[in-house]
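Enquirer: For reference, the file upload.tsv (TSV, C-alpha atoms) is included below:
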chain	number	residue	atom	x	y	z
Y	23	MET	CA	25.31	-94.73	6.37
Y	24	PHE	CA	28.67	-93.68	4.93
Y	25	PHE	CA	30.57	-95.28	7.81
Y	26	LYS	CA	28.58	-98.53	7.51
Y	27	VAL	CA	29.40	-98.77	3.81
Y	28	THR	CA	33.06	-97.98	4.52
Y	29	LYS	CA	33.23	-100.72	7.16
Y	30	LEU	CA	31.65	-103.20	4.77
Y	31	LEU	CA	34.11	-102.30	2.03
Y	32	ILE	CA	37.06	-102.67	4.40
Y	33	ALA	CA	35.73	-106.03	5.63
Y	34	PHE	CA	35.28	-107.15	2.01
Y	35	VAL	CA	38.83	-106.16	1.06
Y	36	ILE	CA	40.28	-107.94	4.11
Y	37	ALA	CA	38.20	-111.08	3.49
Y	38	ARG	CA	39.19	-111.10	-0.20
Y	39	HIS	CA	42.86	-110.78	0.77
Y	40	ILE	CA	42.65	-113.66	3.26
Y	41	LEU	CA	40.70	-115.92	0.88
Y	42	GLY	CA	43.20	-115.18	-1.88
Y	43	TRP	CA	46.06	-116.32	0.33
Y	44	VAL	CA	44.13	-119.44	1.40
Y	45	TYR	CA	43.50	-120.39	-2.23
Y	46	LEU	CA	47.12	-119.70	-3.19
Y	47	MET	CA	48.38	-121.93	-0.37
Y	48	GLY	CA	46.63	-124.90	-1.99
Y	49	PHE	CA	44.81	-126.33	1.03
Y	50	HIS	CA	42.23	-127.76	-1.38
Y	51	LYS	CA	44.80	-129.79	-3.38
Y	52	THR	CA	45.88	-133.42	-3.01
Y	53	PRO	CA	49.36	-134.55	-4.18
Y	54	SER	CA	49.82	-137.42	-6.63
Y	55	ASN	CA	52.60	-139.29	-8.45
Y	56	HIS	CA	53.34	-139.31	-12.17
Y	57	TRP	CA	56.82	-140.00	-13.48
Y	58	PRO	CA	57.64	-139.90	-17.22
Y	59	GLY	CA	59.85	-142.98	-16.78
Y	60	PRO	CA	62.40	-144.30	-14.29
Y	61	CYS	CA	63.68	-141.56	-11.94
Y	62	ARG	CA	66.46	-141.39	-9.35
Y	63	ALA	CA	68.10	-138.92	-7.01
Y	64	VAL	CA	71.46	-137.63	-8.25
Y	65	SER	CA	74.35	-137.84	-5.80
Y	66	PRO	CA	75.92	-135.90	-4.08
Y	67	VAL	CA	73.35	-133.07	-4.31
Y	68	GLU	CA	71.46	-132.92	-1.01
Y	69	HIS	CA	70.88	-129.23	-0.31
Y	70	GLY	CA	69.10	-127.97	-3.38
Y	71	ALA	CA	69.35	-127.48	-7.11
Y	72	GLU	CA	67.45	-124.20	-7.10
Y	73	ASP	CA	68.24	-123.23	-10.68
Y	74	MET	CA	69.97	-124.80	-13.67
Y	75	VAL	CA	71.29	-123.96	-17.14
Y	76	LEU	CA	72.24	-126.22	-20.04
Y	77	THR	CA	75.20	-125.72	-22.38
Y	78	LYS	CA	75.04	-126.56	-26.08
Y	79	SER	CA	77.25	-129.59	-25.40
Y	80	GLY	CA	74.81	-131.06	-22.85
Y	81	LEU	CA	76.39	-129.98	-19.57
Y	82	VAL	CA	74.02	-128.76	-16.84
Y	83	ILE	CA	75.32	-126.25	-14.27
Y	84	ILE	CA	73.37	-126.20	-11.02
Y	85	THR	CA	73.17	-123.77	-8.09
Y	86	SER	CA	72.91	-125.38	-4.66
Y	87	GLY	CA	72.82	-124.28	-1.03
Y	88	ILE	CA	70.69	-121.14	-1.24
Y	89	ASP	CA	70.17	-119.36	2.08
Y	90	VAL	CA	66.42	-118.71	1.90
Y	91	THR	CA	66.55	-116.47	4.97
Y	92	TYR	CA	67.41	-113.60	2.61
Y	93	ARG	CA	63.63	-113.09	2.30
Y	94	GLY	CA	62.99	-113.40	6.03
Y	95	ASP	CA	61.70	-117.00	5.86
Y	96	ASP	CA	61.78	-119.19	8.97
Y	97	THR	CA	63.98	-122.14	8.02
Y	98	ASP	CA	65.38	-125.41	9.31
Y	99	PRO	CA	68.98	-124.84	10.53
Y	100	ARG	CA	70.13	-127.70	8.29
Y	101	ILE	CA	69.16	-125.54	5.32
Y	102	THR	CA	70.89	-122.36	6.46
Y	103	ASP	CA	74.04	-124.30	7.43
Y	104	ALA	CA	74.43	-125.79	3.94
Y	105	GLU	CA	77.39	-124.63	1.85
Y	106	GLY	CA	76.74	-122.68	-1.33
Y	107	GLU	CA	77.90	-124.73	-4.32
Y	108	LEU	CA	77.93	-125.05	-8.08
Y	109	TYR	CA	77.51	-128.54	-9.52
Y	110	ALA	CA	77.80	-129.93	-13.04
Y	111	PHE	CA	75.85	-132.84	-14.52
Y	112	ASP	CA	76.64	-134.41	-17.89
Y	113	MET	CA	73.39	-135.12	-19.76
Y	114	THR	CA	75.31	-137.17	-22.32
Y	115	ASN	CA	76.27	-139.58	-19.53
Y	116	PRO	CA	73.15	-139.54	-17.32
Y	117	SER	CA	74.11	-142.62	-15.32
Y	118	GLY	CA	76.85	-140.64	-13.57
Y	119	ASN	CA	76.80	-138.36	-10.56
Y	120	ALA	CA	77.01	-134.59	-10.32
Y	121	THR	CA	80.44	-132.96	-10.01
Y	122	LYS	CA	81.16	-130.18	-7.53
Y	123	LEU	CA	82.83	-127.10	-9.07
Y	124	LYS	CA	85.37	-125.11	-7.08
Y	125	VAL	CA	84.27	-121.66	-5.89
Y	126	ASP	CA	86.70	-120.18	-3.37
Y	127	PHE	CA	84.77	-117.25	-1.86
Y	128	ASP	CA	81.65	-116.58	0.22
Y	129	PHE	CA	78.87	-118.00	-1.91
Y	130	SER	CA	75.09	-118.23	-1.44
Y	131	PRO	CA	73.86	-118.84	-5.00
Y	132	HIS	CA	70.32	-118.48	-6.29
Y	133	GLY	CA	69.38	-117.87	-9.93
Y	134	ILE	CA	71.75	-118.68	-12.80
Y	135	SER	CA	72.00	-117.80	-16.49
Y	136	ILE	CA	74.36	-118.65	-19.33
Y	137	TRP	CA	75.92	-116.80	-22.28
Y	138	GLU	CA	77.64	-118.76	-25.06
Y	139	SER	CA	79.47	-116.60	-27.61
Y	140	ASP	CA	79.99	-117.37	-31.29
Y	141	GLU	CA	83.72	-117.56	-30.52
Y	142	GLY	CA	83.18	-120.45	-28.12
Y	143	GLU	CA	83.43	-118.68	-24.75
Y	144	THR	CA	80.86	-119.68	-22.13
Y	145	ARG	CA	80.00	-117.42	-19.23
Y	146	LEU	CA	77.84	-118.14	-16.20
Y	147	PHE	CA	75.93	-115.43	-14.34
Y	148	VAL	CA	74.95	-116.32	-10.77
Y	149	ILE	CA	72.97	-114.43	-8.12
Y	150	ASN	CA	74.95	-114.37	-4.87
Y	151	HIS	CA	73.24	-113.34	-1.63
Y	152	ARG	CA	76.29	-111.85	0.05
Y	153	LEU	CA	75.70	-110.69	3.60
Y	154	GLU	CA	76.79	-107.13	2.90
Y	155	ALA	CA	74.98	-106.68	-0.45
Y	156	GLU	CA	73.39	-108.51	-3.36
Y	157	ALA	CA	75.76	-109.41	-6.20
Y	158	VAL	CA	75.92	-111.00	-9.63
Y	159	GLU	CA	78.99	-113.20	-10.03
Y	160	ILE	CA	80.26	-113.84	-13.56
Y	161	PHE	CA	82.28	-117.00	-14.20
Y	162	LYS	CA	84.03	-118.41	-17.25
Y	163	LEU	CA	83.21	-122.07	-17.89
Y	164	SER	CA	85.89	-124.22	-19.50
Y	165	GLY	CA	87.22	-127.78	-19.40
Y	166	THR	CA	85.44	-130.87	-20.66
Y	167	LEU	CA	82.11	-132.57	-20.01
Y	168	ALA	CA	83.90	-134.96	-17.66
Y	169	LYS	CA	86.02	-132.28	-15.96
Y	170	PRO	CA	84.41	-128.83	-16.17
Y	171	VAL	CA	86.11	-125.84	-14.54
Y	172	VAL	CA	84.78	-122.42	-13.51
Y	173	GLU	CA	86.96	-119.32	-13.22
Y	174	HIS	CA	85.61	-116.21	-11.48
Y	175	VAL	CA	85.69	-113.18	-13.80
Y	176	LYS	CA	84.04	-110.35	-11.87
Y	177	THR	CA	81.50	-109.30	-9.25
Y	178	ILE	CA	78.83	-106.75	-10.10
Y	179	GLN	CA	76.85	-104.83	-7.47
Y	180	ASP	CA	74.45	-101.92	-7.75
Y	181	PRO	CA	72.01	-100.10	-5.42
Y	182	LEU	CA	69.15	-101.27	-7.69
Y	183	PHE	CA	70.00	-104.88	-6.84
Y	184	THR	CA	67.77	-104.96	-3.75
Y	185	SER	CA	66.57	-108.55	-3.24
Y	186	MET	CA	67.55	-110.51	-6.31
Y	187	ASN	CA	65.98	-113.78	-7.33
Y	188	ASP	CA	67.13	-114.53	-10.86
Y	189	VAL	CA	69.50	-113.28	-13.55
Y	190	LEU	CA	69.11	-113.43	-17.33
Y	191	ALA	CA	72.18	-112.85	-19.51
Y	192	THR	CA	71.81	-110.66	-22.62
Y	193	GLY	CA	75.52	-110.42	-23.49
Y	194	PRO	CA	78.98	-111.22	-22.09
Y	195	ASP	CA	78.64	-108.44	-19.49
Y	196	SER	CA	74.94	-107.47	-19.61
Y	197	PHE	CA	71.90	-109.00	-17.98
Y	198	TYR	CA	68.47	-108.58	-16.41
Y	199	VAL	CA	67.85	-109.30	-12.73
Y	200	SER	CA	64.54	-109.80	-10.97
Y	201	ASN	CA	64.13	-108.30	-7.52
Y	202	ASP	CA	61.47	-110.28	-5.65
Y	203	GLY	CA	61.17	-107.43	-3.16
Y	204	TYR	CA	63.02	-104.55	-1.59
Y	205	LEU	CA	63.97	-105.84	1.87
Y	206	ARG	CA	66.28	-108.78	2.59
Y	207	PHE	CA	67.79	-110.64	5.56
Y	208	THR	CA	65.21	-109.11	7.89
Y	209	MET	CA	61.86	-110.05	9.43
Y	210	TRP	CA	60.37	-107.04	7.65
Y	211	ALA	CA	60.77	-108.89	4.34
Y	212	TRP	CA	58.13	-111.34	5.56
Y	213	LEU	CA	55.78	-108.43	6.30
Y	214	GLU	CA	56.49	-106.95	2.86
Y	215	ARG	CA	55.24	-110.19	1.33
Y	216	LEU	CA	52.26	-110.62	3.65
Y	217	LEU	CA	50.95	-107.14	2.89
Y	218	THR	CA	51.61	-107.69	-0.83
Y	219	PHE	CA	53.65	-104.54	-1.31
Y	220	PHE	CA	54.52	-104.07	-4.98
Y	221	TRP	CA	58.20	-103.41	-4.32
Y	222	GLY	CA	59.60	-105.94	-6.77
Y	223	SER	CA	61.17	-105.03	-10.11
Y	224	ILE	CA	63.13	-106.12	-13.15
Y	225	VAL	CA	66.41	-104.29	-13.68
Y	226	HIS	CA	68.76	-104.31	-16.68
Y	227	TYR	CA	72.54	-103.88	-16.39
Y	228	ASP	CA	74.23	-102.93	-19.68
Y	229	GLY	CA	77.81	-103.56	-18.60
Y	230	GLU	CA	78.25	-100.16	-16.98
Y	231	ASP	CA	74.96	-98.93	-15.53
Y	232	ALA	CA	71.76	-100.46	-14.16
Y	233	ARG	CA	68.25	-99.14	-14.68
Y	234	THR	CA	64.79	-100.35	-13.71
Y	235	VAL	CA	62.86	-101.50	-16.79
Y	236	ILE	CA	59.75	-102.66	-14.91
Y	237	GLY	CA	58.79	-101.51	-11.43
Y	238	SER	CA	55.92	-102.08	-9.03
Y	239	LEU	CA	55.85	-105.88	-9.35
Y	240	PHE	CA	54.92	-108.36	-6.64
Y	241	GLU	CA	57.65	-110.96	-6.20
Y	242	PRO	CA	58.81	-111.57	-9.79
Y	243	ASN	CA	60.82	-114.75	-9.88
Y	244	GLY	CA	62.70	-116.72	-12.56
Y	245	MET	CA	63.25	-115.40	-16.10
Y	246	ALA	CA	64.05	-116.84	-19.52
Y	247	LEU	CA	64.81	-115.44	-22.98
Y	248	SER	CA	63.12	-116.60	-26.18
Y	249	LEU	CA	65.33	-118.22	-28.80
Y	250	ASP	CA	65.24	-115.10	-31.01
Y	251	GLY	CA	65.84	-112.78	-28.05
Y	252	ASN	CA	62.66	-110.81	-28.73
Y	253	PHE	CA	60.73	-111.91	-25.65
Y	254	VAL	CA	61.40	-112.32	-21.95
Y	255	TYR	CA	59.38	-114.76	-19.88
Y	256	ALA	CA	59.13	-113.88	-16.19
Y	257	SER	CA	57.49	-116.01	-13.54
Y	258	LEU	CA	54.91	-114.20	-11.40
Y	259	PRO	CA	54.30	-116.95	-8.85
Y	260	PHE	CA	51.72	-115.25	-6.67
Y	261	TYR	CA	49.52	-114.84	-9.74
Y	262	SER	CA	50.13	-118.44	-10.89
Y	263	CYS	CA	51.31	-117.23	-14.27
Y	264	ILE	CA	54.30	-116.46	-16.48
Y	265	GLY	CA	54.41	-112.98	-18.00
Y	266	VAL	CA	55.32	-112.68	-21.69
Y	267	TYR	CA	57.23	-109.43	-22.27
Y	268	ALA	CA	58.25	-107.95	-25.61
Y	269	ARG	CA	61.90	-106.90	-25.50
Y	270	ASP	CA	63.37	-103.88	-27.27
Y	271	LYS	CA	66.85	-105.12	-28.19
Y	272	GLU	CA	68.24	-101.59	-28.48
Y	273	THR	CA	67.05	-100.23	-25.14
Y	274	ASN	CA	66.33	-103.55	-23.35
Y	275	GLY	CA	62.97	-102.13	-22.33
Y	276	LEU	CA	60.18	-104.63	-21.62
Y	277	THR	CA	56.46	-104.41	-22.40
Y	278	LEU	CA	53.94	-106.88	-20.99
Y	279	LEU	CA	52.01	-108.57	-23.80
Y	280	ARG	CA	50.13	-111.37	-22.07
Y	281	LYS	CA	50.16	-113.85	-19.22
Y	282	ILE	CA	50.41	-117.64	-19.44
Y	283	VAL	CA	47.91	-118.73	-16.81
Y	284	LEU	CA	48.91	-121.85	-14.91
Y	285	GLY	CA	47.35	-124.12	-12.30
Y	286	ASN	CA	50.48	-124.08	-10.18
Y	287	ILE	CA	53.30	-121.82	-9.01
Y	288	ALA	CA	56.07	-121.53	-11.61
Y	289	ASP	CA	59.55	-120.95	-10.21
Y	290	ASN	CA	62.32	-120.93	-12.81
Y	291	PRO	CA	61.32	-121.07	-16.51
Y	292	TRP	CA	63.81	-122.55	-18.97
Y	293	ILE	CA	63.61	-122.41	-22.77
Y	294	HIS	CA	64.22	-125.57	-24.78
Y	295	PRO	CA	66.99	-124.73	-27.29
Y	296	ILE	CA	65.28	-126.56	-30.18
Y	297	THR	CA	61.53	-126.18	-29.72
Y	298	GLY	CA	61.37	-122.91	-27.75
Y	299	ASP	CA	58.99	-124.55	-25.27
Y	300	ILE	CA	58.99	-123.34	-21.67
Y	301	TRP	CA	59.94	-125.92	-19.06
Y	302	TYR	CA	59.83	-125.07	-15.38
Y	303	GLY	CA	59.91	-126.48	-11.88
Y	304	ALA	CA	56.65	-125.82	-10.07
Y	305	VAL	CA	55.24	-125.62	-6.58
Y	306	PRO	CA	51.96	-127.57	-6.73
Y	307	ILE	CA	50.96	-127.05	-3.06
Y	308	VAL	CA	52.42	-123.92	-1.49
Y	309	TYR	CA	51.70	-124.54	2.19
Y	310	ARG	CA	53.47	-127.89	2.02
Y	311	THR	CA	56.53	-126.22	0.49
Y	312	LEU	CA	56.63	-123.58	3.23
Y	313	ALA	CA	56.40	-126.37	5.82
Y	314	ALA	CA	59.37	-128.10	4.17
Y	315	PHE	CA	61.46	-124.96	4.65
Y	316	THR	CA	60.86	-125.01	8.39
Y	317	ASP	CA	61.31	-128.79	8.68
Y	318	PHE	CA	63.81	-130.35	6.28
Y	319	ASP	CA	62.20	-133.78	6.81
Y	320	ALA	CA	58.73	-132.63	5.75
Y	321	ALA	CA	57.63	-133.89	2.33
Y	322	ALA	CA	56.50	-131.23	-0.15
Y	323	PRO	CA	55.11	-132.31	-3.54
Y	324	SER	CA	57.20	-131.55	-6.61
Y	325	MET	CA	56.35	-130.92	-10.23
Y	326	ALA	CA	57.92	-130.21	-13.63
Y	327	VAL	CA	55.84	-128.69	-16.41
Y	328	ARG	CA	56.30	-128.11	-20.12
Y	329	VAL	CA	54.39	-125.32	-21.92
Y	330	ARG	CA	54.19	-125.55	-25.70
Y	331	SER	CA	53.21	-122.51	-27.77
Y	332	LEU	CA	50.54	-123.12	-30.42
Y	333	SER	CA	50.95	-119.62	-31.85
Y	334	SER	CA	53.29	-118.00	-34.37
Y	335	GLU	CA	56.84	-117.05	-33.37
Y	336	ASP	CA	56.03	-113.33	-33.38
Y	337	ARG	CA	53.04	-113.86	-31.04
Y	338	PRO	CA	54.27	-116.60	-28.69
Y	339	PHE	CA	51.96	-118.30	-26.23
Y	340	GLU	CA	48.76	-116.55	-27.30
Y	341	GLU	CA	47.57	-120.13	-27.38
Y	342	TYR	CA	49.41	-122.93	-25.63
Y	343	LYS	CA	49.24	-126.41	-24.23
Y	344	THR	CA	50.70	-127.58	-20.93
Y	345	TYR	CA	52.10	-131.00	-20.04
Y	346	ASP	CA	52.53	-132.17	-16.46
Y	347	VAL	CA	55.79	-134.00	-17.15
Y	348	PHE	CA	56.72	-134.98	-13.61
Y	349	LEU	CA	54.70	-135.19	-10.40
Y	350	ASP	CA	55.96	-136.52	-7.09
Y	351	ASN	CA	54.18	-136.49	-3.74
Y	352	GLY	CA	57.38	-135.51	-1.93
Y	353	HIS	CA	58.92	-138.90	-1.24
Y	354	LEU	CA	61.51	-138.86	-4.04
Y	355	MET	CA	62.08	-135.11	-4.02
Y	356	SER	CA	60.73	-132.03	-2.26
Y	357	THR	CA	60.36	-128.29	-3.02
Y	358	SER	CA	60.82	-128.45	-6.82
Y	359	SER	CA	62.04	-125.25	-8.49
Y	360	SER	CA	63.74	-125.95	-11.86
Y	361	ALA	CA	63.74	-128.32	-14.83
Y	362	VAL	CA	65.81	-128.84	-17.98
Y	363	ALA	CA	65.46	-131.42	-20.76
Y	364	TYR	CA	68.03	-132.85	-23.16
Y	365	GLY	CA	66.76	-135.47	-25.59
Y	366	ASN	CA	64.67	-137.81	-23.50
Y	367	HIS	CA	66.62	-136.88	-20.36
Y	368	LEU	CA	65.03	-134.71	-17.66
Y	369	LEU	CA	66.58	-133.05	-14.62
Y	370	VAL	CA	64.35	-131.61	-11.91
Y	371	GLY	CA	65.87	-129.43	-9.21
Y	372	SER	CA	64.60	-128.34	-5.81
Y	373	VAL	CA	65.05	-125.26	-3.67
Y	374	VAL	CA	66.68	-126.96	-0.71
Y	375	GLN	CA	66.74	-130.71	-1.27
Y	376	LYS	CA	67.52	-133.31	-3.95
Y	377	LEU	CA	68.27	-133.22	-7.66
Y	378	VAL	CA	66.34	-135.84	-9.65
Y	379	TYR	CA	67.10	-137.38	-13.05
Y	380	CYS	CA	64.38	-139.07	-15.14
Y	381	GLU	CA	64.50	-140.95	-18.42
Y	382	MET	CA	61.41	-139.76	-20.27
Y	383	LYS	CA	59.48	-142.57	-21.91
Y	384	THR	CA	55.92	-141.24	-21.86
Y	385	GLU	CA	54.73	-140.34	-25.37
Y	386	THR	CA	52.39	-137.60	-24.17
Y	387	THR	CA	55.27	-135.95	-22.36
Y	388	ILE	CA	57.49	-135.61	-25.40
Y	389	SER	CA	54.54	-135.19	-27.78
Y	390	ARG	CA	55.47	-135.18	-31.47
Y	391	ASP	CA	58.41	-132.80	-31.09
Y	392	ILE	CA	61.90	-134.08	-31.72
Y	393	TYR	CA	64.47	-133.30	-29.06
What's the C-alpha cells form of this structure?
Expert:
Amino acid sequence: MFFKVTKLLIAFVIARHILGWVYLMGFHKTPSNHWPGPCRAVSPVEHGAEDMVLTKSGLVIITSGIDVTYRGDDTDPRITDAEGELYAFDMTNPSGNATKLKVDFDFSPHGISIWESDEGETRLFVINHRLEAEAVEIFKLSGTLAKPVVEHVKTIQDPLFTSMNDVLATGPDSFYVSNDGYLRFTMWAWLERLLTFFWGSIVHYDGEDARTVIGSLFEPNGMALSLDGNFVYASLPFYSCIGVYARDKETNGLTLLRKIVLGNIADNPWIHPITGDIWYGAVPIVYRTLAAFTDFDAAAPSMAVRVRSLSSEDRPFEEYKTYDVFLDNGHLMSTSSSAVAYGNHLLVGSVVQKLVYCEMKTETTISRDIY
C-alpha cells in the first residue's frame, strides 16, 4: 500500500510539473494587435534592445546584441554573431534614428541601470557577459542629446556574480544584481532551468564587497527602484509576477511584501519618473519567443504593459490596475523585453530583434495621469 501511494504521489508531482510548464508556455493563447498610436521600427537597431534606461533630459540608453547562449539556450547563429552595442535615442526628437555609442572592448550587454547625481554626473551600469566571468561595467555618460558620449570608468567582478541578468544602481559605485541561475555558457544551465532549481539570487555590491540579500530564487529577472528608494521591484517571470520588496536603506536588505500577479511574463520593469508606475516589456506567449531564439525569422508576439498602483506610497501595489499599452503579433517586432515612456512617446525593446517607437494617442493607455 505504501509503495502504491508513493508511486501515485510521484506521478502527481511529475504531472503537475509538466502541466505547469505547458501552461507557462502559453499554448492556449492567441496573439493579437493593439497599438496605442502610429508605431515604427527605429533604425539602425536590428539585434535587440534588451533593456533601456531614461535620463532626466529625455535620452534613452539601450543595450543591444546580448548573447543569450550564456544560459545554455539554443540560438540562431545570426543572434550569437551580433555585436554587443550601446545605443542612444533622443525622446525629445522621436522622428530621428538611434545613435551607436562607442565601446572599445569585448562587450555582450544585458541589463542596464542609471545613476544621476545631484551634481549632474550620470553613470550607466551594464551587465556584461564576458567569456571568462560575469561583470558589471560602469560608464560615465556625457555630451549632448544629439551627440552623447560614454566613457568607461571601471569593471566590477565578484564570485557572487554567477549568471547575471539585471543591475540596479543604488549609488555611484553600489548596485544590486539579479542572478537568474548559477550556471552559464553550458548545456547544464538548460537543465538547471528545466528542473527548476532555486539557484538564483539577488546580490548587493556596496562599492567594496558583495553579499547575497535574497537567495533560493528561481530565475529572477529585471529590477527597478521606487522613486523614494524604499522598494525594489523584481520580475519573477516563471511565476508571472513582479515581487515587491521593502528595502532597508542602511543595510540594503530586502524583504518580500507582496507579488503583483500578471497574465504575462514580465521581463524588465521600469519606473516612470513622475507617476511611479511600473512599465515593462512582456512575453505574452513563451513558446513562440523560444522559437524566435532558434529561428531569427520566426515571429514572436510582443507586448508592453503599464501597472498603476491604487494604494498609498508606503504600501505600493497592494491594489493596482494594468494597461496593455502595446500588443503586436510579431510582424512589427518580436521578443519584447523592455519599455520606457516619455510624455506621449513610447519605446519598446526586444531581446534580439527590433526597437519600436510609438506615439501614444489612446486615452485609456495614458489614463488621467499627466506625463
Enquirer: I'd like the interatomic distance between atom CA of Val329 of chain Y and atom CA of Gly80 of chain Y, to a tenth of an Å.
Expert: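 Going from atom CA of Val329 of chain Y over to atom CA of Gly80 of chain Y covers 21.2 Å.
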Enquirer: Near Ser223 of chain Y, within 9 Å and counting only C-alpha atoms, which residues show up once chain neighbours fewer than 4 positions away are dropped, as a ChimeraX atom specification?
Expert: /Y:199-204,234-242
Enquirer: Compare Y:Thr121, Y:Ser196, Y:Thr297, Y:Asn286 by their minimum atom-to-atom distance to Met325 of chain Y, counting only C-alpha atoms, and give me the closest one.
Expert: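 Distance minimum relative to Met325 of chain Y lands on Y:Asn286.
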Enquirer: Mind giving me the straight-line distance from atom CA of Ser356 of chain Y to atom CA of Pro323 of chain Y in Å, one decimal?
Expert: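 Atom-to-atom, atom CA of Ser356 of chain Y and atom CA of Pro323 of chain Y are spaced 5.8 Å apart.
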Enquirer: Counting all atoms listed in the file, which residue out of Y:Asn55, Y:Gln375, Y:Thr184, Y:Asn119 sits closest to Ile149 of chain Y?
Expert: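 Nearest to Ile149 of chain Y: Y:Thr184.
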Enquirer: To one decimal place, how far is atom CA of Gly251 of chain Y from atom CA of Ala268 of chain Y in Å?
Expert: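 Interatomic distance here is 9.3 Å.
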Enquirer: Which residues, written as a PDB file with C-alpha atoms, keeping the file's coordinate frame, have at least one atom at most 10 Å from Glu159 of chain Y, with all atoms listed in the file counted and residues fewer than 2 positions away on the same chain left out?
Expert:
ATOM      1  CA  PHE Y 129      78.870-118.000  -1.910  1.00  0.00           C
ATOM      2  CA  PRO Y 131      73.860-118.840  -5.000  1.00  0.00           C
ATOM      3  CA  ILE Y 134      71.750-118.680 -12.800  1.00  0.00           C
ATOM      4  CA  LEU Y 146      77.840-118.140 -16.200  1.00  0.00           C
ATOM      5  CA  PHE Y 147      75.930-115.430 -14.340  1.00  0.00           C
ATOM      6  CA  VAL Y 148      74.950-116.320 -10.770  1.00  0.00           C
ATOM      7  CA  ILE Y 149      72.970-114.430  -8.120  1.00  0.00           C
ATOM      8  CA  ASN Y 150      74.950-114.370  -4.870  1.00  0.00           C
ATOM      9  CA  GLU Y 156      73.390-108.510  -3.360  1.00  0.00           C
ATOM     10  CA  ALA Y 157      75.760-109.410  -6.200  1.00  0.00           C
ATOM     11  CA  PHE Y 161      82.280-117.000 -14.200  1.00  0.00           C
ATOM     12  CA  HIS Y 174      85.610-116.210 -11.480  1.00  0.00           C
ATOM     13  CA  VAL Y 175      85.690-113.180 -13.800  1.00  0.00           C
ATOM     14  CA  LYS Y 176      84.040-110.350 -11.870  1.00  0.00           C
ATOM     15  CA  THR Y 177      81.500-109.300  -9.250  1.00  0.00           C
ATOM     16  CA  ILE Y 178      78.830-106.750 -10.100  1.00  0.00           C
ATOM     17  CA  GLN Y 179      76.850-104.830  -7.470  1.00  0.00           C
TER      18      GLN Y 179
END
Enquirer: Go through Y:Asp346, Y:Glu335, Y:Glu341, Y:Glu154 one by one, measure the shortest atom-to-atom distance of each to Pro306 of chain Y using all atoms listed in the file, and give the residue with the smallest value.
Expert: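 That would be Y:Asp346, the residue with the smallest distance to Pro306 of chain Y.
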Enquirer: Quick one: residues within 9 Å of Val254 of chain Y, only C-alpha atoms counted, chain neighbours fewer than 4 positions away excluded, as JSON, numbers by chain?
Expert: {"Y": [245, 246, 247, 248, 265, 266, 267, 268, 269, 276]}
Enquirer: With a distance cut-off of 7 Å and only C-alpha atoms, select the neighbouring residues of segment 65-75 of chain Y, excluding the residue or stretch itself and same-chain residues fewer than 6 positions from it, and output the selection as a list in words.
Expert: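 Close residues of segment 65-75 of chain Y: Val82, Ile83, Ile84, Thr85, Ser86, Gly87, Ile101, Ala104, Asn119, Ala120, His132, Gly133, Ile134, Ser135, Ile136, Asn290, Ser359, Ser360, Gly371, Ser372, Val373, Val374, Gln375, Lys376 and Leu377 of chain Y.
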Enquirer: I need the chosen residues saved as a tab-separated table (two decimals), in the coordinates of the input, with C-alpha atoms.
Expert:
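And here is the file that came out, again.tsv:
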chain	number	residue	atom	x	y	z
Y	82	VAL	CA	74.02	-128.76	-16.84
Y	83	ILE	CA	75.32	-126.25	-14.27
Y	84	ILE	CA	73.37	-126.20	-11.02
Y	85	THR	CA	73.17	-123.77	-8.09
Y	86	SER	CA	72.91	-125.38	-4.66
Y	87	GLY	CA	72.82	-124.28	-1.03
Y	101	ILE	CA	69.16	-125.54	5.32
Y	104	ALA	CA	74.43	-125.79	3.94
Y	119	ASN	CA	76.80	-138.36	-10.56
Y	120	ALA	CA	77.01	-134.59	-10.32
Y	132	HIS	CA	70.32	-118.48	-6.29
Y	133	GLY	CA	69.38	-117.87	-9.93
Y	134	ILE	CA	71.75	-118.68	-12.80
Y	135	SER	CA	72.00	-117.80	-16.49
Y	136	ILE	CA	74.36	-118.65	-19.33
Y	290	ASN	CA	62.32	-120.93	-12.81
Y	359	SER	CA	62.04	-125.25	-8.49
Y	360	SER	CA	63.74	-125.95	-11.86
Y	371	GLY	CA	65.87	-129.43	-9.21
Y	372	SER	CA	64.60	-128.34	-5.81
Y	373	VAL	CA	65.05	-125.26	-3.67
Y	374	VAL	CA	66.68	-126.96	-0.71
Y	375	GLN	CA	66.74	-130.71	-1.27
Y	376	LYS	CA	67.52	-133.31	-3.95
Y	377	LEU	CA	68.27	-133.22	-7.66
Enquirer: Just checking: using only C-alpha atoms, which residue out of Y:Pro259, Y:Cys61, Y:His226, Y:Leu332 ends up closest to Pro116 of chain Y?
Expert: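 Ranking Y:Pro259, Y:Cys61, Y:His226, Y:Leu332 by distance to Pro116 of chain Y, first place goes to Y:Cys61.
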Enquirer: Pick the closest to Arg100 of chain Y from Y:Met113, Y:Ser54, Y:His294, Y:Asp317: which is it, counting all atoms listed in the file?
Expert: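 Smallest separation from Arg100 of chain Y among the options: Y:Asp317.
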Enquirer: Looking at all atoms listed in the file, which of Y:Lys383, Y:Arg62, Y:Arg233, Y:Lys78 is the one that sits closest to Leu167 of chain Y?
Expert: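 So, comparing all the options, the nearest one is Y:Lys78.
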